[in-house]
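Coordinates from my_file14.tsv are shown below (TSV, C-alpha atoms).
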```
chain	number	residue	atom	x	y	z
A	1	MET	CA	-44.84	59.26	4.68
A	2	SER	CA	-42.57	56.85	6.59
A	3	VAL	CA	-38.96	57.70	7.20
A	4	ARG	CA	-36.44	54.90	6.64
A	5	SER	CA	-34.09	54.36	9.55
A	6	ALA	CA	-30.49	55.27	8.81
A	7	SER	CA	-29.30	52.13	10.62
A	8	THR	CA	-31.12	49.73	8.24
A	9	ALA	CA	-28.67	50.03	5.33
A	10	PRO	CA	-25.50	49.38	7.34
A	11	ARG	CA	-27.07	46.24	8.81
A	12	ARG	CA	-27.18	44.70	5.36
A	13	GLY	CA	-23.38	44.56	5.22
A	14	PRO	CA	-22.93	41.76	7.79
A	15	LEU	CA	-25.84	39.83	6.28
A	16	ILE	CA	-24.31	40.02	2.80
A	17	LEU	CA	-20.93	38.94	4.19
A	18	LEU	CA	-22.53	36.06	6.09
A	19	GLY	CA	-24.34	34.96	2.96
A	20	ALA	CA	-21.15	35.11	0.90
A	21	VAL	CA	-19.22	33.10	3.49
A	22	SER	CA	-22.02	30.52	3.69
A	23	PHE	CA	-22.09	30.20	-0.08
A	24	LEU	CA	-18.31	29.81	-0.21
A	25	LEU	CA	-18.32	27.13	2.51
A	26	ALA	CA	-21.13	25.25	0.77
A	27	ALA	CA	-19.21	25.38	-2.51
A	28	ILE	CA	-16.09	24.00	-0.82
A	29	ILE	CA	-17.97	21.27	1.04
A	30	MET	CA	-19.89	20.18	-2.04
A	31	ALA	CA	-16.95	20.51	-4.45
A	32	PRO	CA	-16.91	17.46	-6.75
A	33	ALA	CA	-14.37	14.72	-6.15
A	34	SER	CA	-13.27	15.07	-9.76
A	35	LEU	CA	-11.11	17.99	-8.61
A	36	ILE	CA	-8.55	15.44	-7.36
A	37	THR	CA	-8.08	13.92	-10.82
A	38	PRO	CA	-5.04	16.12	-11.68
A	39	GLY	CA	-3.29	14.69	-8.63
A	40	LEU	CA	-4.22	11.14	-9.65
A	41	ASN	CA	-3.02	11.72	-13.19
A	42	ALA	CA	0.28	13.06	-11.85
A	43	ALA	CA	0.93	9.62	-10.34
A	44	GLY	CA	1.95	8.48	-13.84
A	45	PRO	CA	0.70	6.03	-16.47
A	46	ASP	CA	1.14	3.01	-14.16
A	47	ILE	CA	-2.01	4.03	-12.27
A	48	GLN	CA	-5.34	3.87	-14.07
A	49	TYR	CA	-8.91	4.42	-12.87
A	50	LYS	CA	-12.38	4.57	-14.37
A	51	GLU	CA	-14.04	7.47	-12.55
A	52	VAL	CA	-14.11	9.56	-9.38
A	53	THR	CA	-17.44	10.10	-7.62
A	54	GLY	CA	-18.69	11.96	-4.55
A	55	THR	CA	-17.27	15.18	-3.15
A	56	ILE	CA	-13.70	16.27	-2.67
A	57	TRP	CA	-14.01	15.45	1.04
A	58	LYS	CA	-15.72	12.08	0.78
A	59	GLY	CA	-15.82	10.05	-2.40
A	60	GLU	CA	-14.68	6.99	-4.29
A	61	ILE	CA	-12.11	6.23	-6.96
A	62	ARG	CA	-13.57	3.40	-9.00
A	63	GLY	CA	-11.80	0.82	-11.09
A	64	VAL	CA	-8.26	1.44	-9.85
A	65	ALA	CA	-5.60	-0.67	-11.58
A	66	THR	CA	-1.84	-0.76	-11.96
A	67	GLY	CA	-0.70	-2.41	-15.14
A	68	GLU	CA	-2.68	-5.62	-15.48
A	69	VAL	CA	-3.52	-5.84	-11.78
A	70	TYR	CA	-7.05	-4.72	-10.92
A	71	LEU	CA	-6.96	-3.30	-7.40
A	72	GLY	CA	-10.67	-2.46	-7.12
A	73	ASP	CA	-12.44	0.61	-5.75
A	74	VAL	CA	-10.93	3.00	-3.20
A	75	ALA	CA	-13.22	5.04	-0.95
A	76	PHE	CA	-11.67	8.11	0.68
A	77	ARG	CA	-12.56	10.54	3.44
A	78	PHE	CA	-10.32	13.58	3.83
A	79	ARG	CA	-9.50	14.96	7.28
A	80	PRO	CA	-9.60	18.76	6.76
A	81	MET	CA	-8.29	19.66	10.23
A	82	MET	CA	-4.93	18.13	9.28
A	83	LEU	CA	-4.44	21.00	6.83
A	84	LEU	CA	-3.63	23.14	9.87
A	85	THR	CA	-0.54	20.98	10.40
A	86	GLY	CA	0.54	21.27	6.78
A	87	ALA	CA	-0.59	17.80	5.74
A	88	LEU	CA	-3.15	16.27	3.42
A	89	SER	CA	-4.72	13.36	5.27
A	90	ALA	CA	-7.32	10.81	4.24
A	91	ASP	CA	-8.78	7.54	5.49
A	92	LEU	CA	-8.88	4.98	2.67
A	93	THR	CA	-10.85	1.78	2.17
A	94	ALA	CA	-9.98	-0.60	-0.68
A	95	MET	CA	-12.53	-3.17	-1.86
A	96	GLY	CA	-13.72	-5.24	-4.77
A	97	GLY	CA	-10.36	-6.19	-6.29
A	98	ALA	CA	-6.97	-7.69	-5.53
A	99	ALA	CA	-6.50	-5.27	-2.62
A	100	THR	CA	-8.85	-5.04	0.36
A	101	GLY	CA	-8.50	-3.22	3.65
A	102	THR	CA	-8.24	0.14	5.38
A	103	GLY	CA	-5.57	2.65	6.31
A	104	ARG	CA	-4.76	6.31	6.79
A	105	VAL	CA	-2.45	8.14	4.36
A	106	ASN	CA	-0.81	11.49	5.12
A	107	VAL	CA	1.14	13.68	2.71
A	108	HIS	CA	3.26	16.20	4.61
A	109	LEU	CA	3.58	19.15	2.24
A	110	LEU	CA	6.58	20.97	3.70
A	111	SER	CA	8.79	17.96	4.43
A	112	ARG	CA	7.51	16.05	1.40
A	113	ARG	CA	7.02	12.93	3.45
A	114	LEU	CA	4.45	10.23	2.95
A	115	SER	CA	3.21	8.39	6.00
A	116	VAL	CA	0.80	5.49	6.37
A	117	GLN	CA	-0.94	4.68	9.64
A	118	ASN	CA	-3.17	1.90	10.97
A	119	ALA	CA	-3.00	-0.08	7.74
A	120	ASN	CA	-4.75	-3.45	7.69
A	121	VAL	CA	-4.54	-4.58	4.09
A	122	ALA	CA	-4.68	-7.90	2.22
A	123	PHE	CA	-3.49	-8.48	-1.34
A	124	ASP	CA	-4.31	-11.42	-3.61
A	125	LEU	CA	-0.93	-12.51	-4.97
A	126	SER	CA	-2.46	-14.50	-7.83
A	127	ALA	CA	-3.24	-11.13	-9.47
A	128	VAL	CA	0.52	-10.80	-10.21
A	129	ARG	CA	0.89	-12.75	-13.45
A	130	ARG	CA	4.06	-11.38	-15.06
A	131	TYR	CA	6.38	-12.37	-12.26
A	132	SER	CA	7.20	-15.54	-10.34
A	133	LEU	CA	8.79	-16.47	-7.03
A	134	PHE	CA	11.59	-19.04	-7.38
A	135	GLY	CA	10.14	-19.85	-10.80
A	136	ILE	CA	6.70	-20.57	-9.31
A	137	PRO	CA	3.67	-18.38	-10.16
A	138	TYR	CA	2.55	-16.14	-7.31
A	139	GLN	CA	-0.32	-17.60	-5.31
A	140	GLY	CA	-1.99	-17.08	-1.97
A	141	ARG	CA	-2.14	-13.72	-0.23
A	142	VAL	CA	-0.06	-11.30	1.77
A	143	GLU	CA	-1.41	-9.26	4.65
A	144	ALA	CA	-0.15	-6.19	6.50
A	145	ARG	CA	-1.53	-5.95	10.01
A	146	ASP	CA	-1.52	-2.72	12.06
A	147	ALA	CA	1.20	-1.46	9.73
A	148	GLY	CA	2.76	1.97	9.45
A	149	LEU	CA	5.33	3.58	7.16
A	150	VAL	CA	7.16	6.90	6.85
A	151	TRP	CA	8.76	7.46	3.44
A	152	SER	CA	10.59	10.40	1.86
A	153	ARG	CA	13.14	10.97	-0.88
A	154	LYS	CA	15.75	9.60	1.52
A	155	GLY	CA	13.75	6.43	1.88
A	156	CYS	CA	12.27	4.71	4.90
A	157	SER	CA	12.53	6.46	8.27
A	158	GLY	CA	9.84	4.54	10.14
A	159	ALA	CA	8.07	1.22	9.66
A	160	SER	CA	5.97	-1.01	11.89
A	161	GLY	CA	3.45	-3.82	11.80
A	162	GLU	CA	3.31	-7.52	11.08
A	163	ILE	CA	3.46	-9.01	7.58
A	164	TRP	CA	1.92	-12.45	6.96
A	165	THR	CA	1.75	-14.57	3.82
A	166	ASP	CA	0.93	-18.06	2.59
A	167	VAL	CA	2.76	-17.52	-0.72
A	168	LEU	CA	4.71	-20.79	-0.29
A	169	ASP	CA	1.94	-22.80	1.34
A	170	ALA	CA	0.62	-24.56	-1.78
A	171	SER	CA	4.14	-25.36	-3.00
A	172	SER	CA	5.14	-26.74	0.40
A	173	LYS	CA	2.07	-28.98	0.53
A	174	THR	CA	2.93	-30.30	-2.93
A	175	LEU	CA	6.62	-30.90	-2.16
A	176	VAL	CA	6.52	-32.18	1.43
A	177	GLY	CA	2.85	-32.54	2.32
A	178	GLU	CA	3.16	-29.86	5.01
A	179	SER	CA	1.72	-26.35	5.32
A	180	LEU	CA	4.15	-23.41	5.41
A	181	LEU	CA	3.08	-19.97	6.61
A	182	LEU	CA	5.49	-17.04	6.88
A	183	ALA	CA	5.26	-14.00	9.15
A	184	GLY	CA	7.49	-11.26	10.50
A	185	PRO	CA	7.87	-7.55	11.28
A	186	ALA	CA	8.36	-4.59	8.97
A	187	SER	CA	11.21	-2.21	9.79
A	188	CYS	CA	13.67	0.31	8.32
A	189	ASP	CA	17.31	-0.49	7.58
A	190	ASP	CA	19.50	2.43	6.48
A	191	GLY	CA	16.71	4.01	4.42
A	192	ARG	CA	15.40	0.70	3.11
A	193	ILE	CA	12.04	-0.89	3.86
A	194	ALA	CA	12.90	-4.28	5.32
A	195	VAL	CA	10.65	-7.28	5.91
A	196	ALA	CA	11.90	-10.54	7.45
A	197	LEU	CA	9.47	-13.47	7.15
A	198	LYS	CA	10.01	-16.79	8.92
A	199	GLY	CA	8.12	-20.05	9.13
A	200	GLY	CA	8.55	-23.77	9.43
A	201	ASN	CA	7.01	-27.22	9.55
A	202	ARG	CA	8.12	-30.76	10.40
A	203	GLU	CA	10.33	-30.89	7.29
A	204	GLY	CA	12.36	-27.77	7.97
A	205	GLU	CA	12.44	-23.99	8.28
A	206	ALA	CA	12.37	-21.12	5.79
A	207	GLU	CA	13.19	-17.41	5.92
A	208	ILE	CA	12.64	-14.71	3.31
A	209	LYS	CA	14.08	-11.21	3.63
A	210	ILE	CA	12.95	-8.40	1.33
A	211	ALA	CA	14.52	-4.92	1.22
A	212	ILE	CA	13.51	-1.93	-0.95
A	213	ASP	CA	15.81	1.11	-1.16
A	214	PRO	CA	15.00	4.77	-2.06
A	215	ALA	CA	15.89	4.11	-5.71
A	216	MET	CA	13.12	1.47	-5.74
A	217	THR	CA	15.59	-1.37	-6.15
A	218	TYR	CA	14.69	-4.55	-4.31
A	219	ARG	CA	16.74	-7.41	-2.91
A	220	LEU	CA	15.19	-10.77	-2.05
A	221	MET	CA	17.13	-13.25	0.06
A	222	ALA	CA	15.76	-16.64	1.04
A	223	SER	CA	17.20	-19.50	3.07
A	224	VAL	CA	15.77	-22.97	3.64
A	225	ASP	CA	16.99	-25.52	6.19
A	226	LEU	CA	15.94	-29.06	5.23
A	227	GLY	CA	17.10	-32.51	6.19
A	228	ARG	CA	16.14	-34.47	3.08
A	229	ALA	CA	18.40	-34.71	0.03
A	230	ASP	CA	15.50	-35.17	-2.40
A	231	LEU	CA	13.85	-31.96	-1.24
A	232	GLU	CA	17.13	-30.08	-1.40
A	233	ASN	CA	17.63	-31.21	-4.98
A	234	ASN	CA	14.18	-29.87	-5.86
A	235	LEU	CA	15.15	-26.46	-4.47
A	236	ARG	CA	18.44	-26.47	-6.36
A	237	ARG	CA	16.47	-26.89	-9.57
A	238	LEU	CA	14.55	-23.72	-8.62
A	239	GLY	CA	17.79	-21.74	-8.33
A	240	PHE	CA	18.80	-22.27	-4.70
A	241	GLU	CA	22.49	-22.73	-3.88
A	242	ASP	CA	24.39	-24.29	-0.97
A	243	GLY	CA	25.58	-21.96	1.76
A	244	ASP	CA	26.55	-22.46	5.44
A	245	GLY	CA	24.50	-25.61	5.91
A	246	VAL	CA	21.35	-24.18	4.30
A	247	LEU	CA	20.10	-23.56	0.79
A	248	VAL	CA	20.06	-19.89	-0.19
A	249	TYR	CA	18.52	-17.79	-2.93
A	250	ASP	CA	19.54	-14.17	-3.66
A	251	ALA	CA	18.02	-11.87	-6.28
A	252	VAL	CA	18.06	-8.12	-6.99
A	253	GLY	CA	16.17	-5.97	-9.47
A	254	ALA	CA	14.27	-2.78	-10.19
A	255	LEU	CA	10.84	-2.47	-8.61
A	256	LYS	CA	8.67	-1.29	-11.51
A	257	GLY	CA	5.27	-2.04	-10.03
A	258	VAL	CA	3.35	-5.25	-9.69
A	259	GLY	CA	1.76	-4.88	-13.07
A	260	SER	CA	4.59	-3.48	-15.18
```

Encoded form (structure tokens):
Amino acid sequence: MSVRSASTAPRRGPLILLGAVSFLLAAIIMAPASLITPGLNAAGPDIQYKEVTGTIWKGEIRGVATGEVYLGDVAFRFRPMMLLTGALSADLTAMGGAATGTGRVNVHLLSRRLSVQNANVAFDLSAVRRYSLFGIPYQGRVEARDAGLVWSRKGCSGASGEIWTDVLDASSKTLVGESLLLAGPASCDDGRIAVALKGGNREGEAEIKIAIDPAMTYRLMASVDLGRADLENNLRRLGFEDGDGVLVYDAVGALKGVGS
């Protein structure tokens, strides 16, 4: 009759522990992406989506929309090592809708800050149908290039990157037969996100300044320097007024979302 070694039973302990840890890690790694749906739903009724696929670490949010604007699908890849710094971090890719591009989003849990890094995003402005710019329907596109943003309850504390748009290009070609492209940097101004866009052609120069404060109130200021009375009269009919040798336009309002 064989005698069982007394050391065999204790050896099972580490093996059981290793198996339990391996099972737990596998469960975490393969956790379904649907676990993030409570967080998506907490964003409010302005954000809708069709389904979430993949795992919690790498997946896709399909059919994302805000109001009547269909943004498309958003693929995500979480960066788990950032949890050691107290932040949720993910690389995002938007495709198939009004928004296309890539960027990194970080949610800093302790400071409750949101930061965006390395964003290269384009948005089709024609998807905005309930609003107009100077009485003209939105058209063209706006792009953020190598953009970054740091935002908290106190507002903007860091912004960078170049913003480009051809929102006035079609209108300029119709009015004066010249193309008009606008570009400028993003920055912070006393807690506000500030963008100053400038451009010009042979008929004159234009500048648009946009500022968004922590209360999500926006201010849009535009100035146009032209040398033709007929063109200036056209702008006056759109709501521009005379000021310091240029025509100016100033508007404020609540930012409720592009589709609200």

What lies within 9 Å of range 132-140 of chain A using all atoms listed in the file, ignoring chain neighbours under 3 positions off, as a JSON list (two decimals) with C-alpha atoms, keeping the file's coordinate frame?
```json
[["chain", "number", "residue", "atom", "x", "y", "z"],
["A", 123, "PHE", "CA", -3.49, -8.48, -1.34],
["A", 124, "ASP", "CA", -4.31, -11.42, -3.61],
["A", 125, "LEU", "CA", -0.93, -12.51, -4.97],
["A", 126, "SER", "CA", -2.46, -14.50, -7.83],
["A", 127, "ALA", "CA", -3.24, -11.13, -9.47],
["A", 128, "VAL", "CA", 0.52, -10.80, -10.21],
["A", 129, "ARG", "CA", 0.89, -12.75, -13.45],
["A", 165, "THR", "CA", 1.75, -14.57, 3.82],
["A", 166, "ASP", "CA", 0.93, -18.06, 2.59],
["A", 167, "VAL", "CA", 2.76, -17.52, -0.72],
["A", 168, "LEU", "CA", 4.71, -20.79, -0.29],
["A", 169, "ASP", "CA", 1.94, -22.80, 1.34],
["A", 170, "ALA", "CA", 0.62, -24.56, -1.78],
["A", 171, "SER", "CA", 4.14, -25.36, -3.00],
["A", 235, "LEU", "CA", 15.15, -26.46, -4.47],
["A", 238, "LEU", "CA", 14.55, -23.72, -8.62],
["A", 239, "GLY", "CA", 17.79, -21.74, -8.33],
["A", 240, "PHE", "CA", 18.80, -22.27, -4.70],
["A", 249, "TYR", "CA", 18.52, -17.79, -2.93]]
```

(request) Would you mind listing what lies within 9 Å of Ile163 in chain A as a list in words, with all atoms listed in the file counted and same-chain residues fewer than 5 positions away left out? (result) Val142, Glu143, Ala144, Arg145, Ala147, Leu182, Ala183, Gly184, Pro185, Ala186, Val195, Ala196 and Leu197 of chain A

Selected residues written out with C-alpha atoms, as a tab-separated table (two decimals), keeping the file's coordinate frame:
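Result file follows (part37.tsv):
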```
chain	number	residue	atom	x	y	z
A	142	VAL	CA	-0.06	-11.30	1.77
A	143	GLU	CA	-1.41	-9.26	4.65
A	144	ALA	CA	-0.15	-6.19	6.50
A	145	ARG	CA	-1.53	-5.95	10.01
A	147	ALA	CA	1.20	-1.46	9.73
A	182	LEU	CA	5.49	-17.04	6.88
A	183	ALA	CA	5.26	-14.00	9.15
A	184	GLY	CA	7.49	-11.26	10.50
A	185	PRO	CA	7.87	-7.55	11.28
A	186	ALA	CA	8.36	-4.59	8.97
A	195	VAL	CA	10.65	-7.28	5.91
A	196	ALA	CA	11.90	-10.54	7.45
A	197	LEU	CA	9.47	-13.47	7.15
```

(message) Calculated over all atoms listed in the file, which of the candidates A:Ala94, A:Leu114, A:Leu88, A:Leu231 has the smallest distance to Ala75 in chain A?
(response) A:Ala94

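Note that CA of Ile212 in chain A and CA of Leu255 in chain A are 8.1 Å apart.
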
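Take CA of Asp189 in chain A and CA of Ser157 in chain A: the distance between them is 8.5 Å.
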
(request) Please identify all polymer residues within 7 Å of Gln48 in chain A, counting only C-alpha atoms, omitting same-chain residues fewer than 4 positions from it, and present them as a ChimeraX atom specification. (result) /A:64-66

Using the selection just defined, write its residues with C-alpha atoms as a tab-separated table (two decimals), in the frame of the given file.
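Saved as out_0.tsv:
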```
chain	number	residue	atom	x	y	z
A	64	VAL	CA	-8.26	1.44	-9.85
A	65	ALA	CA	-5.60	-0.67	-11.58
A	66	THR	CA	-1.84	-0.76	-11.96
```

(message) Under the rule that all atoms listed in the file are counted, which of A:Thr53, A:Thr217, A:Ile210, A:Thr100 is the nearest residue to Arg141 in chain A?
(response) A:Thr100

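CA of Leu109 in chain A sits 26.6 Å away from CA of Leu71 in chain A.
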
Using N, CA, C and O atoms, give me range 109-128 of chain A from the structure I just pasted, as a compact mmCIF listing (two decimals), in the first residue's frame.
```txt
# COMPACT_ATOMS: atom_id res chain seq x y z
N LEU A 109 -10.33 61.17 -12.01
CA LEU A 109 -11.38 60.90 -11.04
C LEU A 109 -11.32 61.79 -9.82
O LEU A 109 -12.35 62.28 -9.34
N LEU A 110 -10.14 62.05 -9.28
CA LEU A 110 -10.03 62.82 -8.05
C LEU A 110 -10.28 64.31 -8.30
O LEU A 110 -11.03 64.96 -7.55
N SER A 111 -9.69 64.85 -9.33
CA SER A 111 -9.85 66.28 -9.61
C SER A 111 -11.09 66.58 -10.44
O SER A 111 -11.42 67.74 -10.64
N ARG A 112 -11.73 65.53 -10.95
CA ARG A 112 -12.92 65.68 -11.77
C ARG A 112 -12.67 66.56 -13.00
O ARG A 112 -13.46 67.42 -13.35
N ARG A 113 -11.53 66.32 -13.59
CA ARG A 113 -11.18 67.04 -14.82
C ARG A 113 -11.33 66.13 -16.02
O ARG A 113 -11.13 64.92 -15.93
N LEU A 114 -11.67 66.73 -17.12
CA LEU A 114 -11.71 66.04 -18.40
C LEU A 114 -10.62 66.63 -19.29
O LEU A 114 -10.52 67.85 -19.44
N SER A 115 -9.80 65.77 -19.85
CA SER A 115 -8.77 66.26 -20.75
C SER A 115 -8.81 65.49 -22.06
O SER A 115 -9.11 64.30 -22.10
N VAL A 116 -8.53 66.20 -23.14
CA VAL A 116 -8.48 65.63 -24.48
C VAL A 116 -7.08 65.88 -25.03
O VAL A 116 -6.55 66.99 -24.92
N GLN A 117 -6.49 64.84 -25.64
CA GLN A 117 -5.15 64.96 -26.18
C GLN A 117 -5.11 64.46 -27.62
O GLN A 117 -5.87 63.56 -28.01
N ASN A 118 -4.20 65.03 -28.39
CA ASN A 118 -3.91 64.54 -29.75
C ASN A 118 -5.17 64.36 -30.60
O ASN A 118 -5.31 63.37 -31.32
N ALA A 119 -6.09 65.31 -30.50
CA ALA A 119 -7.34 65.20 -31.25
C ALA A 119 -7.16 65.73 -32.68
O ALA A 119 -6.71 66.85 -32.88
N ASN A 120 -7.52 64.91 -33.64
CA ASN A 120 -7.58 65.31 -35.04
C ASN A 120 -8.95 64.89 -35.54
O ASN A 120 -9.18 63.72 -35.88
N VAL A 121 -9.86 65.84 -35.54
CA VAL A 121 -11.28 65.54 -35.75
C VAL A 121 -11.85 66.48 -36.80
O VAL A 121 -11.52 67.67 -36.83
N ALA A 122 -12.73 65.95 -37.65
CA ALA A 122 -13.46 66.76 -38.63
C ALA A 122 -14.96 66.56 -38.40
O ALA A 122 -15.40 65.45 -38.07
N PHE A 123 -15.72 67.64 -38.59
CA PHE A 123 -17.17 67.58 -38.39
C PHE A 123 -17.87 68.20 -39.58
O PHE A 123 -17.53 69.31 -40.01
N ASP A 124 -18.86 67.50 -40.11
CA ASP A 124 -19.65 67.98 -41.24
C ASP A 124 -20.72 68.94 -40.73
O ASP A 124 -21.69 68.53 -40.11
N LEU A 125 -20.53 70.22 -41.00
CA LEU A 125 -21.44 71.24 -40.47
C LEU A 125 -22.84 71.18 -41.07
O LEU A 125 -23.79 71.67 -40.46
N SER A 126 -23.00 70.57 -42.23
CA SER A 126 -24.33 70.48 -42.83
C SER A 126 -25.25 69.58 -42.02
O SER A 126 -26.46 69.59 -42.22
N ALA A 127 -24.69 68.81 -41.07
CA ALA A 127 -25.51 67.96 -40.21
C ALA A 127 -26.29 68.80 -39.19
O ALA A 127 -27.26 68.32 -38.59
N VAL A 128 -25.87 70.05 -38.97
CA VAL A 128 -26.57 70.96 -38.04
C VAL A 128 -27.67 71.66 -38.83
O VAL A 128 -27.41 72.56 -39.62
```
